[in-house]
Amino acid sequence: MGLALIVWGAFVLAMVTTTIVCALVPRLRPGFRYAWRFLVYPNLGVVLANLAVYAYGLIGMRVLEAGWAEPSDPSFTAGFCRLLADTTLLLRIVGPFLGSIFGFFLGALMALERASRTTQRSS
């Protein structure tokens, strides 16, 4: 988790630097409309996807802590709680990684779509 945050932080720093350079250098100023979108949308996607992952994990843990069913009970509720426990555990392990990738690429696609729409309007 620590390495992923360091890599993401370095990537954000590179995007911030690129956006500032595009804003300050007159020849690169047309690229600013793309740069700020590729700074904001992918990072917003990462944050929102990870919030969803952690919210599911929190809800799953609260449901399991409530003890709605005994593990030996073969009813639907016990099966549901077992499934919830397994998915919660899996999400706690790989969820932030997959959520970050999914959120980043979804945000990048959104930034690309918005930037292309802006370019089509201005031409």
# chains A, B, ... in the order shown; residues from 1 in each chain; ligands from 1
call {"tool": "residues_around", "arguments": {"residues": "A:Leu58", "least_positions_apart": "6", "cutoff": "12 Å", "atoms": "only C-alpha atoms", "output": "list of chain:residue names"}}
result
A:Leu51, A:Ala52, A:Leu64, A:Glu65, A:Leu84, A:Ala85, A:Thr87, A:Thr88, A:Leu89, A:Leu91, A:Arg92
call {"tool": "residues_around", "arguments": {"residues": "A:Leu98", "least_positions_apart": "5", "cutoff": "9 Å", "atoms": "only C-alpha atoms", "output": "ChimeraX atom specification"}}
result
/A:49-50,91,103
call {"tool": "write_last_selection", "arguments": {"atoms": "N, CA and C atoms", "output": "mmCIF file, in the first residue's frame"}}
result
data_model
loop_
_atom_site.group_PDB
_atom_site.id
_atom_site.type_symbol
_atom_site.label_atom_id
_atom_site.label_comp_id
_atom_site.auth_asym_id
_atom_site.auth_seq_id
_atom_site.Cartn_x
_atom_site.Cartn_y
_atom_site.Cartn_z
ATOM 1 N N ALA A 49 -13.495 5.860 -6.309
ATOM 2 C CA ALA A 49 -13.500 4.397 -6.361
ATOM 3 C C ALA A 49 -13.027 3.814 -5.029
ATOM 4 N N ASN A 50 -12.016 4.407 -4.425
ATOM 5 C CA ASN A 50 -11.537 3.906 -3.142
ATOM 6 C C ASN A 50 -12.528 4.181 -2.023
ATOM 7 N N LEU A 91 -12.165 -7.881 -0.849
ATOM 8 C CA LEU A 91 -12.117 -6.454 -1.161
ATOM 9 C C LEU A 91 -11.108 -5.719 -0.300
ATOM 10 N N GLY A 103 -10.779 3.413 -11.151
ATOM 11 C CA GLY A 103 -11.109 4.835 -11.011
ATOM 12 C C GLY A 103 -10.230 5.722 -11.862
#
call {"tool": "closest_residue", "arguments": {"among": "A:Ile59, A:Leu109, A:Cys22, A:Leu13", "to": "A:Ala35", "atoms": "only C-alpha atoms"}}
result
A:Cys22
call {"tool": "closest_residue", "arguments": {"among": "A:Leu39, A:Val47, A:Ala66, A:Val21", "to": "A:Ala115", "atoms": "only C-alpha atoms"}}
result
A:Leu39
call {"tool": "atom_distance", "arguments": {"atom1": "atom CA of A:Leu48", "atom2": "atom CA of A:Pro96"}}
result
10.9 Å
call {"tool": "residues_around", "arguments": {"residues": "A:Ser100", "least_positions_apart": "6", "cutoff": "12 Å", "atoms": "only C-alpha atoms", "output": "PyMOL selection string"}}
result
chain A and resi 1+4-5+7-8+42-54+94+106-108
call {"tool": "atom_distance", "arguments": {"atom1": "atom CA of A:Val12", "atom2": "atom CA of A:Arg37"}}
result
12.5 Å
call {"tool": "closest_residue", "arguments": {"among": "A:Val63, A:Val25, A:Ala10, A:Ile101", "to": "A:Leu83", "atoms": "only C-alpha atoms"}}
result
A:Val63
call {"tool": "decode", "arguments": {"residues": "stretch 14-63 of chain A", "atoms": "C-alpha atoms", "output": "PDB file, in the first residue's frame"}}
result
ATOM      1  CA  ALA A  14       4.191  15.121 -12.438  1.00  0.00           C
ATOM      2  CA  MET A  15       0.657  16.016 -13.569  1.00  0.00           C
ATOM      3  CA  VAL A  16       0.628  19.170 -11.417  1.00  0.00           C
ATOM      4  CA  THR A  17       3.992  20.212 -12.859  1.00  0.00           C
ATOM      5  CA  THR A  18       2.769  19.599 -16.408  1.00  0.00           C
ATOM      6  CA  THR A  19      -0.397  21.607 -15.777  1.00  0.00           C
ATOM      7  CA  ILE A  20       1.555  24.547 -14.324  1.00  0.00           C
ATOM      8  CA  VAL A  21       4.024  24.499 -17.222  1.00  0.00           C
ATOM      9  CA  CYS A  22       1.139  24.472 -19.715  1.00  0.00           C
ATOM     10  CA  ALA A  23      -0.436  27.436 -17.936  1.00  0.00           C
ATOM     11  CA  LEU A  24       2.774  29.488 -17.789  1.00  0.00           C
ATOM     12  CA  VAL A  25       4.473  28.838 -21.150  1.00  0.00           C
ATOM     13  CA  PRO A  26       2.628  30.714 -23.914  1.00  0.00           C
ATOM     14  CA  ARG A  27       3.400  28.121 -26.634  1.00  0.00           C
ATOM     15  CA  LEU A  28       1.960  25.346 -24.457  1.00  0.00           C
ATOM     16  CA  ARG A  29      -1.105  27.236 -23.305  1.00  0.00           C
ATOM     17  CA  PRO A  30      -3.480  25.463 -25.735  1.00  0.00           C
ATOM     18  CA  GLY A  31      -2.600  22.219 -23.949  1.00  0.00           C
ATOM     19  CA  PHE A  32      -3.825  23.612 -20.639  1.00  0.00           C
ATOM     20  CA  ARG A  33      -7.442  22.677 -21.432  1.00  0.00           C
ATOM     21  CA  TYR A  34      -6.284  19.040 -21.595  1.00  0.00           C
ATOM     22  CA  ALA A  35      -3.762  19.150 -18.761  1.00  0.00           C
ATOM     23  CA  TRP A  36      -6.085  20.310 -16.007  1.00  0.00           C
ATOM     24  CA  ARG A  37      -8.712  17.751 -16.988  1.00  0.00           C
ATOM     25  CA  PHE A  38      -6.139  14.955 -16.914  1.00  0.00           C
ATOM     26  CA  LEU A  39      -5.064  16.227 -13.510  1.00  0.00           C
ATOM     27  CA  VAL A  40      -8.526  16.415 -11.942  1.00  0.00           C
ATOM     28  CA  TYR A  41     -10.663  13.622 -13.424  1.00  0.00           C
ATOM     29  CA  PRO A  42      -8.359  10.585 -12.987  1.00  0.00           C
ATOM     30  CA  ASN A  43      -7.482  11.577  -9.429  1.00  0.00           C
ATOM     31  CA  LEU A  44     -11.120  12.187  -8.615  1.00  0.00           C
ATOM     32  CA  GLY A  45     -11.877   8.754 -10.053  1.00  0.00           C
ATOM     33  CA  VAL A  46      -9.233   7.149  -7.814  1.00  0.00           C
ATOM     34  CA  VAL A  47     -10.603   8.854  -4.706  1.00  0.00           C
ATOM     35  CA  LEU A  48     -14.253   8.026  -5.464  1.00  0.00           C
ATOM     36  CA  ALA A  49     -13.500   4.397  -6.361  1.00  0.00           C
ATOM     37  CA  ASN A  50     -11.537   3.906  -3.142  1.00  0.00           C
ATOM     38  CA  LEU A  51     -14.308   5.534  -1.107  1.00  0.00           C
ATOM     39  CA  ALA A  52     -16.746   3.034  -2.594  1.00  0.00           C
ATOM     40  CA  VAL A  53     -14.402   0.129  -1.797  1.00  0.00           C
ATOM     41  CA  TYR A  54     -13.910   1.262   1.799  1.00  0.00           C
ATOM     42  CA  ALA A  55     -17.624   1.945   2.265  1.00  0.00           C
ATOM     43  CA  TYR A  56     -18.459  -1.588   1.129  1.00  0.00           C
ATOM     44  CA  GLY A  57     -15.801  -2.973   3.434  1.00  0.00           C
ATOM     45  CA  LEU A  58     -17.105  -0.934   6.357  1.00  0.00           C
ATOM     46  CA  ILE A  59     -20.710  -1.969   5.749  1.00  0.00           C
ATOM     47  CA  GLY A  60     -19.671  -5.595   5.343  1.00  0.00           C
ATOM     48  CA  MET A  61     -17.709  -5.574   8.585  1.00  0.00           C
ATOM     49  CA  ARG A  62     -20.586  -3.950  10.487  1.00  0.00           C
ATOM     50  CA  VAL A  63     -23.050  -6.528   9.188  1.00  0.00           C
TER      51      VAL A  63
END
